[in-house]
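Comments concern the structure below.
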Amino acid sequence: MSKSRTEQLVERLRDLQASSGDVEGAAIVSVDGLSMASVLSGDIEEDRVSAMSAAMLSLGERIASELGRGELDQVNVKGDQGYVILTSVGEEAVLTVLARKEAKLGLILLDVNRAVQDLVKLL
């Protein structure tokens, strides 16, 4: 029996999470703010992540455009407790990754870019 698209998305997110102990959670969100798939800890609200991801993506696109930076690829937020990395997945979705403050960001970004390539094919 073949897996549904959602199951395949969740499986790829779990692979991303397993690739580094520093990835605490991940979600794929439509540009409209609807959750498509996620692997988030119980204390993080999926709806909240979805809404904020869509809002950040929209704002990032506007900033990139108005400041002449071209098409938006990624938005990074660093807080004292870790990182939030938002990366476009095609034209219709965004991958949101939550990483620990100790994370080696270069390695995380490499894993994120690999995941995005796979996710584009699934969407």
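Quick note on naming: the chains in the structure tokens go A, B, ... in the order shown, residues restart at 1 in each chain, and ligands are numbered from 1 in order of appearance.
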
(Q) List as a list in words the protein and nucleic acid residues near Ser30 in chain A, meaning an atom at most 12 Å away when only C-alpha atoms are counted, but skip any in the same chain fewer than 5 places from it. (A) Ser35, Met36, Ala37, Ser38, Asp47, Val49, Ser50, Ala51, Met52, Ser53, Ala54, Ala55, Leu57, Ser58, Thr87, Ser88, Val89, Gly90, Glu91, Glu92, Ala93, Val94, Leu95, Thr96 and Leu123 of chain A

Please save C-alpha atoms of the selected residues as an mmCIF file, in the first residue's frame.
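Dumped to part_30.cif:
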data_model
loop_
_atom_site.group_PDB
_atom_site.id
_atom_site.type_symbol
_atom_site.label_atom_id
_atom_site.label_comp_id
_atom_site.auth_asym_id
_atom_site.auth_seq_id
_atom_site.Cartn_x
_atom_site.Cartn_y
_atom_site.Cartn_z
ATOM 1 C CA SER A 35 -0.376 23.273 7.999
ATOM 2 C CA MET A 36 0.414 20.553 5.466
ATOM 3 C CA ALA A 37 2.588 18.368 7.717
ATOM 4 C CA SER A 38 4.594 18.765 10.901
ATOM 5 C CA ASP A 47 -1.732 26.416 14.103
ATOM 6 C CA VAL A 49 3.517 27.967 13.769
ATOM 7 C CA SER A 50 1.518 27.861 10.524
ATOM 8 C CA ALA A 51 0.092 31.355 10.887
ATOM 9 C CA MET A 52 3.389 32.941 11.915
ATOM 10 C CA SER A 53 5.289 31.143 9.150
ATOM 11 C CA ALA A 54 2.929 32.471 6.488
ATOM 12 C CA ALA A 55 3.126 35.987 7.942
ATOM 13 C CA LEU A 57 7.148 34.579 4.528
ATOM 14 C CA SER A 58 4.886 37.339 3.266
ATOM 15 C CA THR A 87 12.695 28.342 3.554
ATOM 16 C CA SER A 88 10.533 28.490 0.446
ATOM 17 C CA VAL A 89 9.397 25.143 -0.909
ATOM 18 C CA GLY A 90 8.379 25.994 -4.439
ATOM 19 C CA GLU A 91 5.811 28.730 -4.844
ATOM 20 C CA GLU A 92 3.096 27.341 -2.609
ATOM 21 C CA ALA A 93 4.741 26.324 0.669
ATOM 22 C CA VAL A 94 7.358 27.118 3.275
ATOM 23 C CA LEU A 95 9.455 24.811 5.437
ATOM 24 C CA THR A 96 9.784 26.041 9.010
ATOM 25 C CA LEU A 123 4.352 18.776 -3.461
#

Q: Name the residues of chain A that come out as helix (DSSP H, G or I) in a backbone DSSP run; write them as a PyMOL selection string.
A: chain A and resi 5-19+46-66+105-122

With N, CA and C atoms retained, export the selected residues as a short mmCIF file (atom, residue, chain, number, x, y, z; two decimals), in the first residue's frame.
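Result written to again_20.cif:
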data_model
loop_
_atom_site.label_atom_id
_atom_site.label_comp_id
_atom_site.auth_asym_id
_atom_site.auth_seq_id
_atom_site.Cartn_x
_atom_site.Cartn_y
_atom_site.Cartn_z
N ARG A 5 0.37 11.50 0.47
CA ARG A 5 1.31 12.62 0.35
C ARG A 5 1.66 13.17 1.73
N THR A 6 0.67 13.30 2.60
CA THR A 6 0.92 13.80 3.95
C THR A 6 1.88 12.89 4.70
N GLU A 7 1.68 11.59 4.59
CA GLU A 7 2.58 10.64 5.25
C GLU A 7 4.01 10.76 4.71
N GLN A 8 4.13 10.97 3.41
CA GLN A 8 5.46 11.14 2.81
C GLN A 8 6.12 12.43 3.30
N LEU A 9 5.33 13.50 3.42
CA LEU A 9 5.85 14.77 3.92
C LEU A 9 6.33 14.61 5.36
N VAL A 10 5.50 13.98 6.19
CA VAL A 10 5.87 13.78 7.60
C VAL A 10 7.13 12.93 7.69
N GLU A 11 7.21 11.90 6.87
CA GLU A 11 8.40 11.04 6.88
C GLU A 11 9.66 11.84 6.54
N ARG A 12 9.56 12.74 5.55
CA ARG A 12 10.73 13.55 5.17
C ARG A 12 11.09 14.53 6.29
N LEU A 13 10.09 15.07 6.97
CA LEU A 13 10.36 15.96 8.10
C LEU A 13 11.03 15.19 9.25
N ARG A 14 10.59 13.97 9.48
CA ARG A 14 11.23 13.14 10.52
C ARG A 14 12.68 12.85 10.16
N ASP A 15 12.94 12.60 8.87
CA ASP A 15 14.32 12.38 8.41
C ASP A 15 15.18 13.61 8.68
N LEU A 16 14.61 14.78 8.42
CA LEU A 16 15.33 16.03 8.68
C LEU A 16 15.61 16.16 10.17
N GLN A 17 14.63 15.88 10.98
CA GLN A 17 14.80 15.97 12.43
C GLN A 17 15.84 14.97 12.92
N ALA A 18 15.85 13.79 12.34
CA ALA A 18 16.80 12.74 12.75
C ALA A 18 18.22 13.04 12.27
N SER A 19 18.35 13.86 11.22
CA SER A 19 19.67 14.14 10.66
C SER A 19 20.54 14.95 11.62
N GLU A 46 0.68 23.84 16.48
CA GLU A 46 0.83 23.74 15.03
C GLU A 46 0.17 24.91 14.30
N ASP A 47 -1.02 25.30 14.74
CA ASP A 47 -1.73 26.42 14.10
C ASP A 47 -0.97 27.73 14.25
N ARG A 48 -0.36 27.93 15.40
CA ARG A 48 0.40 29.15 15.64
C ARG A 48 1.64 29.19 14.73
N VAL A 49 2.34 28.06 14.64
CA VAL A 49 3.52 27.97 13.77
C VAL A 49 3.11 28.25 12.32
N SER A 50 1.99 27.68 11.90
CA SER A 50 1.52 27.86 10.52
C SER A 50 1.21 29.33 10.23
N ALA A 51 0.48 29.96 11.10
CA ALA A 51 0.09 31.36 10.89
C ALA A 51 1.31 32.27 10.88
N MET A 52 2.20 32.08 11.85
CA MET A 52 3.39 32.94 11.92
C MET A 52 4.33 32.69 10.74
N SER A 53 4.43 31.46 10.29
CA SER A 53 5.29 31.14 9.15
C SER A 53 4.80 31.85 7.89
N ALA A 54 3.49 31.80 7.66
CA ALA A 54 2.93 32.47 6.49
C ALA A 54 3.13 33.98 6.58
N ALA A 55 2.94 34.54 7.76
CA ALA A 55 3.13 35.99 7.94
C ALA A 55 4.58 36.39 7.71
N MET A 56 5.52 35.61 8.26
CA MET A 56 6.94 35.92 8.07
C MET A 56 7.36 35.79 6.61
N LEU A 57 6.83 34.77 5.94
CA LEU A 57 7.15 34.58 4.53
C LEU A 57 6.66 35.77 3.71
N SER A 58 5.45 36.20 3.99
CA SER A 58 4.89 37.34 3.27
C SER A 58 5.71 38.61 3.51
N LEU A 59 6.03 38.86 4.77
CA LEU A 59 6.83 40.03 5.11
C LEU A 59 8.23 39.94 4.50
N GLY A 60 8.84 38.77 4.56
CA GLY A 60 10.16 38.57 3.97
C GLY A 60 10.15 38.82 2.48
N GLU A 61 9.12 38.36 1.79
CA GLU A 61 9.01 38.59 0.35
C GLU A 61 8.91 40.08 0.04
N ARG A 62 8.15 40.77 0.85
CA ARG A 62 7.99 42.21 0.63
C ARG A 62 9.31 42.95 0.88
N ILE A 63 10.01 42.59 1.94
CA ILE A 63 11.29 43.22 2.25
C ILE A 63 12.29 42.95 1.14
N ALA A 64 12.41 41.70 0.72
CA ALA A 64 13.36 41.34 -0.33
C ALA A 64 13.07 42.11 -1.61
N SER A 65 11.79 42.19 -1.95
CA SER A 65 11.40 42.89 -3.17
C SER A 65 11.67 44.39 -3.09
N GLU A 66 11.19 45.01 -2.03
CA GLU A 66 11.29 46.47 -1.92
C GLU A 66 12.71 46.96 -1.69
N LEU A 105 24.73 26.08 12.53
CA LEU A 105 23.79 26.58 11.55
C LEU A 105 24.13 26.14 10.12
N GLY A 106 25.41 26.11 9.78
CA GLY A 106 25.80 25.69 8.44
C GLY A 106 25.32 24.28 8.11
N LEU A 107 25.47 23.37 9.07
CA LEU A 107 25.03 21.99 8.86
C LEU A 107 23.51 21.90 8.77
N ILE A 108 22.84 22.67 9.62
CA ILE A 108 21.38 22.68 9.59
C ILE A 108 20.90 23.19 8.23
N LEU A 109 21.50 24.27 7.74
CA LEU A 109 21.08 24.83 6.46
C LEU A 109 21.32 23.86 5.31
N LEU A 110 22.40 23.12 5.37
CA LEU A 110 22.68 22.09 4.37
C LEU A 110 21.58 21.04 4.38
N ASP A 111 21.23 20.56 5.56
CA ASP A 111 20.15 19.57 5.69
C ASP A 111 18.81 20.14 5.23
N VAL A 112 18.55 21.40 5.55
CA VAL A 112 17.31 22.05 5.15
C VAL A 112 17.23 22.13 3.63
N ASN A 113 18.32 22.53 2.99
CA ASN A 113 18.32 22.64 1.52
C ASN A 113 18.08 21.29 0.86
N ARG A 114 18.66 20.23 1.42
CA ARG A 114 18.42 18.88 0.88
C ARG A 114 16.95 18.49 1.06
N ALA A 115 16.41 18.81 2.22
CA ALA A 115 15.01 18.48 2.48
C ALA A 115 14.10 19.23 1.51
N VAL A 116 14.40 20.50 1.27
CA VAL A 116 13.57 21.31 0.35
C VAL A 116 13.55 20.68 -1.04
N GLN A 117 14.69 20.20 -1.51
CA GLN A 117 14.74 19.56 -2.83
C GLN A 117 13.80 18.35 -2.88
N ASP A 118 13.77 17.57 -1.82
CA ASP A 118 12.88 16.41 -1.76
C ASP A 118 11.42 16.83 -1.63
N LEU A 119 11.17 17.85 -0.82
CA LEU A 119 9.81 18.29 -0.58
C LEU A 119 9.16 18.90 -1.84
N VAL A 120 9.95 19.59 -2.64
CA VAL A 120 9.43 20.16 -3.89
C VAL A 120 8.87 19.04 -4.75
N LYS A 121 9.56 17.91 -4.80
CA LYS A 121 9.11 16.77 -5.60
C LYS A 121 7.80 16.18 -5.06
N LEU A 122 7.64 16.21 -3.73
CA LEU A 122 6.45 15.64 -3.11
C LEU A 122 5.22 16.54 -3.26
#

Q.
I need the residues in range 13-104 of chain A that are strand (DSSP E) according to DSSP; give them as number ranges by chain.
A. A: 23-30, 35-39, 74-79, 82-89, 93-100

Q | Selection near Ile44 in chain A, 12 Å with only C-alpha atoms, sequence-local residues under 6 positions removed, as a PyMOL selection string | A | chain A and resi 24-27+38+50+98

(Q) Could you tell me how far CA of Gly33 in chain A sits from CA of Gly79 in chain A, in Å to one decimal place? (A)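 The value is 22.3 Å.
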
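Rounded to one decimal, CA of Gly70 in chain A and CA of Ala103 in chain A lie 28.0 Å from each other.
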
Q) Neighbours of Ile85 in chain A within 6 Å (only C-alpha atoms; same-chain residues fewer than 3 positions away dropped), as JSON, numbers by chain? A) {"A": [75, 76, 96, 97]}
